[in-house]
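Novice: I have a structure I would like to understand better, so I am pasting it below and will then ask my questions one at a time.
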Amino acid sequence: MKKIYFTLLIIGQCVFAQHKAEQDTTKSQELENVFITANRTATLRKETPVAISKITAKTINETKATAVYEIINKTPGVLMVNLGNEQHMMSIRQPMTTNAYYLYLEDGLPIRPMGIFNHNALLEINQYNLQSIEVVKGPVSSLYGPEAVGGTINLISLKPPVDPEFKFGVQADNYGYRRFQAAGGATIGKVGFHIAGISSLQENGWMTYSDYNKDNLNARIDYNISPSTRLISNTMYGKYYSDMSGSVNEDAFNNRTYKSSSDFTYRKSDALRTRLTLEHDWNDKSSSYITAYLRDNKLGQNPSYGIRWSPTVNPTTAKGEVNSNNFKSYGAIGQHTQKFDFLNTKIVAGALYDYSPVTYWSYVIDLKANLNPGEAGKQTVASYEIIAEHPDSKLADYTADIFNTAGYAQISINPFEKFVLTLGGRYDNMKVNYDNALDLSSGSKVYDKATFKIGANYNPFEYAGFYGNYSQGFAPPGITSIFRTKPGTGGTTGIPADFYYNLEPATFDNYEIGGWLSFLENKLNFDYAFYYMEGKNELLNIKLADNSTDYRSAGETRHKGIEFGASYRPSKQFNIRFGGTYAQHTYIDFKLSDKASDPVQDLNGKEMPAAPRWSGNSEVSYYPGWLPNLRASIEWQLVGSYYQDQINTIKYGGYNLFNARIGYQWKKIEIYGNVLNLTDKLYAYNVSRANTTNAQPTYTAAAPRTFVFGIQYNFSLKK
């Protein structure tokens with residue numbers, strides 16, 4: 001893949017760069033006031049009755065992120081949890097989780113089809129191909145359907161520039177990471193194009209057995225058939241392979257002994273996404289588009305989280321698994337937007353069809369557990385070794401055809417001055433035709449739901465505005481959780497979890513009010529949102545005594561909090577950003593039991609695990625007038641304390657983290673450096689433990705102080 005990128009450099013006139021980061025502040029502010037994601041069409045912020053944030057091209061360019069979580073965590077109310085090598089969890093109006101309550105979009109189109117959620121989907125994203133990122137907090141199922149519950153993240157890619165541009169660079173750190181990157185394009189007559197590629201490699205890092213490599217290539221071609229008609233092609237191809245080092249025990253974490261207990265676990269991904277969109281403006285009040293798309297994904301794993309070991313039952317043995325999840329998608333989506341003079345009415349309506357055949361299998365492997373010294377029943381594992389693989393001992397083995405159909409509509413009206421009312425609704429039908437080799441069954445499952453929202457914006461002053469909304473969310477159980485065997489049965493005699501636990505679609509009701517304030521001629525801006533969300537049949541990952549995870553449906557849950565963000569620009573030389581959230585995530589009606597051997601644990605009123613009440617990200621940036629092309633910033637990341645288990649026995653204290661960034665551009669050359677974990681703090685991205693007495697915690701250790709260096713060449717040929 002590296003040869004491909006260096007070839008791109010040689011033919012640099014045929015590739016192009018990201019739009020200039022040196023756009024003036026006024027233009028940047030204007031862009032931040034217009035959003036696409038929340039209403040599926042360009043809408044002013046003051047007419048959008050939801051909590052939404054935008055990360056601009058300037059912020060993305062200055063962050064110089066090695067992984068996308070460094071960018072997304074700058075959004076108030078968002079905590080994207082780094083699991084190493086671009087793997088991740090998410091927390092938006094939910095605890096830190098891998099559950100299917102987030103919708104990840106690429107230019108408005110879901111990265112995954114409904115029913116095949118993957119919490120690591122964003123590792124497929126090319127960081128060198130981003131123009132902006134929009135984050136909607138709270139349910140938008142009324143426009144986007146299932147999984148758009150806690151939050152929706154729309155990664156908007158670069159468009160062809162008018163003038164020829166290109167850039168290329170290298171990035172590296174002091175722990176064996178390096179990345180080569182190139183991008184560029186131009187518009188020639190009616191045709192514009194854009195190409196961007198990255199090749200990342202990690203070797204011999206601070207954690208043993210943590211190498212990875214990632215190659216991504218994105219290409220876009222725009223054909224302007226006429227001033228009112230456009231044909232747009234977008235294609236992405238990516239390959240990813242990573243060692244999966246897993247977590248460490250408490251002693252290893254405290255002693256900074258960053259040694260993986262396995263040298264055989266891995267994750268690999270092979271992804272292709274391509275789409276063709278025809279856009280047409282009928283007149284200045286009417287526009288339509290239709291998009292046809294294809295997805296082709298292959299995901300294979302020998303996951304570290306799949307290792308099951310008990311300190312009391314045969315502690316020198318363990319079980320693991322190997323799995324494969326492959327799918328293709330063939331689909332189309334069409335949308336029409338119509339404006340009317342009467343009450344300044346705008347209607348957005350569309351329909352979706354998606355056909356996604358999928359195959360999944362998982363089998364058991366036998367492991368030897370080499371123990372560290374310790375008291376009986378409190379031992380920890382030093383390392384695992386594979387003894388035998390059992391491809392015939394299946395945890396899951398199914399094929400399925402998933403048919404997703406949906407229709408949606410939204411109307412906004414302006415019944416009187418400074419007041420906008422928005423109503424929307426969507427109907428989703430997900431049908432799964434399956435053949436399950438575990439119990440030799442076949443049949444169909446149907447999950448359907450109508451979801452609605454109503455919201456209003458009131459902007460009585462030039463410096464203040466308010467909004468409120470009620471919105472519904474909907475998420476069927478992922479098909480992997482439906483057809484996987486009950487843990488502990490291991491093999492073809494296992495009972496599919498759907499029948500054992502009666503997994504049901506999760507539904508959510510969200511109530512929200514918020515607003516914005518602007519002072520000192522837009523130098524000081526503040527926005528806030530209060531939300532209260534109730535969930536029913538919420539699908540949860542429960543950590544069991546053997547260190548494995550299982551799916552359970554919680555009867556009722558409650559999520560409530562406040563999100564806030566502020567920015568202050570006292571002069572052209574300083575910019576101060578402050579943002580965060582205070583939230584509580586609680587079980588209302590949930591009793592934890594596997595219905596066979598575990599005692600019933602009443603969790604009513606307890607806090608959900610991995611749910612910090614406080615989290616936030618703030619930054620001070622400096623652009624010295626005495627050296628105009630220099631930039632420097634200090635960033636503060638806060639994650640508060642949270643319970644490690646469902647039964648609320650012990651907390652992890654959380655952490656305060658500081659990062660520093662500096663960069664300087666000399667003519668067409670940009671040199672930069674980042675220091676991540678500036679104070680070399682000992683902390684963990686995630687800490688968890690089983691719901692049993694004397695359970696030992698496991699730590700997903702975070703990196704020590706890391707120095708990132710880079711150099712980039714930017715070229716632009718103005719006509």
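Order determines the names: the first chain of the structure tokens is A, the second B, and so forth; residues in each chain are numbered 1 upward, and ligands are numbered 1 upward as they are shown.
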What are the DSSP alpha helix (DSSP H) residues of range 143-278 of chain A, as a PDB file with N, CA and C atoms, in the first residue's frame?

Specialist:
ATOM      1  N   LEU A 143     -35.439   9.951  12.148  1.00  0.00           N
ATOM      2  CA  LEU A 143     -34.869  10.223  10.832  1.00  0.00           C
ATOM      3  C   LEU A 143     -33.938   9.119  10.352  1.00  0.00           C
ATOM      4  N   TYR A 144     -33.178   8.504  11.280  1.00  0.00           N
ATOM      5  CA  TYR A 144     -32.153   7.551  10.883  1.00  0.00           C
ATOM      6  C   TYR A 144     -32.451   6.111  11.274  1.00  0.00           C
ATOM      7  N   GLU A 250      -4.444  -6.038  38.333  1.00  0.00           N
ATOM      8  CA  GLU A 250      -4.209  -4.847  39.146  1.00  0.00           C
ATOM      9  C   GLU A 250      -2.735  -4.643  39.469  1.00  0.00           C
ATOM     10  N   ASP A 251      -2.041  -5.710  39.835  1.00  0.00           N
ATOM     11  CA  ASP A 251      -0.622  -5.578  40.174  1.00  0.00           C
ATOM     12  C   ASP A 251       0.191  -5.126  38.961  1.00  0.00           C
ATOM     13  N   ALA A 252      -0.082  -5.753  37.815  1.00  0.00           N
ATOM     14  CA  ALA A 252       0.650  -5.382  36.601  1.00  0.00           C
ATOM     15  C   ALA A 252       0.382  -3.930  36.233  1.00  0.00           C
ATOM     16  N   PHE A 253      -0.859  -3.492  36.415  1.00  0.00           N
ATOM     17  CA  PHE A 253      -1.211  -2.112  36.097  1.00  0.00           C
ATOM     18  C   PHE A 253      -0.465  -1.148  37.016  1.00  0.00           C
ATOM     19  N   ASN A 254      -0.519  -1.386  38.329  1.00  0.00           N
ATOM     20  CA  ASN A 254       0.115  -0.477  39.287  1.00  0.00           C
ATOM     21  C   ASN A 254       1.632  -0.435  39.131  1.00  0.00           C
TER      22      ASN A 254
END

Novice: Got a sec: who's within 8 Å of Glu504 in chain A, counting only C-alpha atoms, leaving out chain neighbours fewer than 4 positions off, as a PyMOL selection string?

Specialist: chain A and resi 476-477+537+553

Novice: Extract, using only C-alpha atoms, all DNA, RNA and protein residues at most 9 Å from Met608 in chain A, discarding same-chain residues fewer than 5 positions from it, and format them as a ChimeraX atom specification.

Specialist: /A:95,557,584-587,603,642-648

Novice: For Asn85 in chain A, please output as a PyMOL selection string all residues within 9 Å (counting only C-alpha atoms; exclusion window: fewer than 3 positions along the same chain).

Specialist: chain A and resi 67+82+88+123+202+210-213+242-244

Novice: Neighbours of Ala701 in chain A within 9 Å (only C-alpha atoms; same-chain residues fewer than 6 positions away dropped), as a list in words?

Specialist: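 Surrounding residues, per the criterion: Leu83, Gly84, Met207, Gly246, Ser247, Val248, Phe253, Arg256, Tyr258, Leu682, Tyr683, Ala684, Tyr685, Asn686 and Val687 of chain A.
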
Novice: Keeping N, CA and C atoms for every residue in the selection just given, could you write it to a file as a PDB file, in the first residue's frame?

Specialist:
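Now in result-v1.pdb:
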ATOM      1  N   LEU A  83      -9.456   1.916  23.079  1.00  0.00           N
ATOM      2  CA  LEU A  83      -9.119   0.557  23.502  1.00  0.00           C
ATOM      3  C   LEU A  83      -7.821   0.075  22.862  1.00  0.00           C
ATOM      4  N   GLY A  84      -7.080   0.996  22.261  1.00  0.00           N
ATOM      5  CA  GLY A  84      -5.796   0.659  21.668  1.00  0.00           C
ATOM      6  C   GLY A  84      -5.902   0.348  20.190  1.00  0.00           C
ATOM      7  N   MET A 207       3.161  -1.563  25.080  1.00  0.00           N
ATOM      8  CA  MET A 207       2.476  -2.771  25.547  1.00  0.00           C
ATOM      9  C   MET A 207       2.935  -3.937  24.682  1.00  0.00           C
ATOM     10  N   GLY A 246      -5.364  -6.985  24.983  1.00  0.00           N
ATOM     11  CA  GLY A 246      -6.273  -7.196  26.104  1.00  0.00           C
ATOM     12  C   GLY A 246      -5.913  -6.368  27.323  1.00  0.00           C
ATOM     13  N   SER A 247      -6.445  -6.776  28.466  1.00  0.00           N
ATOM     14  CA  SER A 247      -6.269  -6.023  29.710  1.00  0.00           C
ATOM     15  C   SER A 247      -5.199  -6.670  30.587  1.00  0.00           C
ATOM     16  N   VAL A 248      -4.852  -5.970  31.676  1.00  0.00           N
ATOM     17  CA  VAL A 248      -3.868  -6.490  32.629  1.00  0.00           C
ATOM     18  C   VAL A 248      -4.490  -6.496  34.024  1.00  0.00           C
ATOM     19  N   PHE A 253      -0.859  -3.492  36.415  1.00  0.00           N
ATOM     20  CA  PHE A 253      -1.211  -2.112  36.097  1.00  0.00           C
ATOM     21  C   PHE A 253      -0.465  -1.148  37.016  1.00  0.00           C
ATOM     22  N   ARG A 256       3.112  -0.858  36.276  1.00  0.00           N
ATOM     23  CA  ARG A 256       3.357  -0.531  34.862  1.00  0.00           C
ATOM     24  C   ARG A 256       4.075  -1.670  34.147  1.00  0.00           C
ATOM     25  N   TYR A 258       3.420  -3.672  31.494  1.00  0.00           N
ATOM     26  CA  TYR A 258       2.470  -3.713  30.380  1.00  0.00           C
ATOM     27  C   TYR A 258       2.767  -4.924  29.494  1.00  0.00           C
ATOM     28  N   LEU A 682      -0.365   7.562  35.409  1.00  0.00           N
ATOM     29  CA  LEU A 682      -0.795   6.169  35.378  1.00  0.00           C
ATOM     30  C   LEU A 682      -2.327   6.141  35.396  1.00  0.00           C
ATOM     31  N   TYR A 683      -2.933   5.658  34.328  1.00  0.00           N
ATOM     32  CA  TYR A 683      -4.394   5.582  34.291  1.00  0.00           C
ATOM     33  C   TYR A 683      -4.822   4.488  33.325  1.00  0.00           C
ATOM     34  N   ALA A 684      -6.093   4.140  33.397  1.00  0.00           N
ATOM     35  CA  ALA A 684      -6.658   3.102  32.531  1.00  0.00           C
ATOM     36  C   ALA A 684      -7.846   3.672  31.771  1.00  0.00           C
ATOM     37  N   TYR A 685      -7.971   3.276  30.517  1.00  0.00           N
ATOM     38  CA  TYR A 685      -9.121   3.702  29.727  1.00  0.00           C
ATOM     39  C   TYR A 685     -10.413   3.089  30.263  1.00  0.00           C
ATOM     40  N   ASN A 686     -10.300   1.855  30.765  1.00  0.00           N
ATOM     41  CA  ASN A 686     -11.486   1.164  31.264  1.00  0.00           C
ATOM     42  C   ASN A 686     -11.064   0.165  32.338  1.00  0.00           C
ATOM     43  N   VAL A 687     -11.889   0.047  33.391  1.00  0.00           N
ATOM     44  CA  VAL A 687     -11.656  -0.915  34.473  1.00  0.00           C
ATOM     45  C   VAL A 687     -12.966  -1.636  34.731  1.00  0.00           C
TER      46      VAL A 687
END

Novice: Please build the interface table for range 129-238 of chain A against range 428-443 of chain A with a cut-off of 12 Å, listing for each qualifying residue the nearest atom pair and the distance in Å to one decimal; count only C-alpha atoms, order rows by chain and increasing number, and write it as a Markdown table.

Specialist:
| residue | atom | partner | partner_atom | distance |
| --- | --- | --- | --- | --- |
| A:Ser141 | CA | A:Asp428 | CA | 9.3 |
| A:Ser142 | CA | A:Asp428 | CA | 9.4 |
| A:Leu143 | CA | A:Asp428 | CA | 10.2 |
| A:Tyr144 | CA | A:Asp428 | CA | 9.4 |
| A:Gly145 | CA | A:Asp428 | CA | 6.5 |
| A:Pro146 | CA | A:Asp428 | CA | 7.7 |
| A:Glu147 | CA | A:Asp428 | CA | 11.5 |

Novice: Write the selection just made, keeping N, CA, C and O atoms, as a tab-separated table (two decimals), in the first residue's frame?

Specialist:
chain	number	residue	atom	x	y	z
A	141	SER	N	-33.81	8.51	15.94
A	141	SER	CA	-34.38	7.36	15.24
A	141	SER	C	-35.50	7.78	14.30
A	141	SER	O	-35.78	7.08	13.32
A	142	SER	N	-36.16	8.92	14.55
A	142	SER	CA	-37.24	9.36	13.69
A	142	SER	C	-36.75	9.75	12.31
A	142	SER	O	-37.54	9.88	11.38
A	143	LEU	N	-35.44	9.95	12.15
A	143	LEU	CA	-34.87	10.22	10.83
A	143	LEU	C	-33.94	9.12	10.35
A	143	LEU	O	-33.90	8.81	9.17
A	144	TYR	N	-33.18	8.50	11.28
A	144	TYR	CA	-32.15	7.55	10.88
A	144	TYR	C	-32.45	6.11	11.27
A	144	TYR	O	-31.74	5.20	10.86
A	145	GLY	N	-33.45	5.89	12.12
A	145	GLY	CA	-33.84	4.52	12.43
A	145	GLY	C	-33.11	3.92	13.61
A	145	GLY	O	-32.57	4.63	14.47
A	146	PRO	N	-33.10	2.57	13.70
A	146	PRO	CA	-32.51	1.87	14.83
A	146	PRO	C	-31.06	2.26	15.07
A	146	PRO	O	-30.34	2.64	14.15
A	147	GLU	N	-30.65	2.17	16.33
A	147	GLU	CA	-29.30	2.42	16.83
A	147	GLU	C	-28.98	3.90	16.99
A	147	GLU	O	-28.02	4.26	17.65
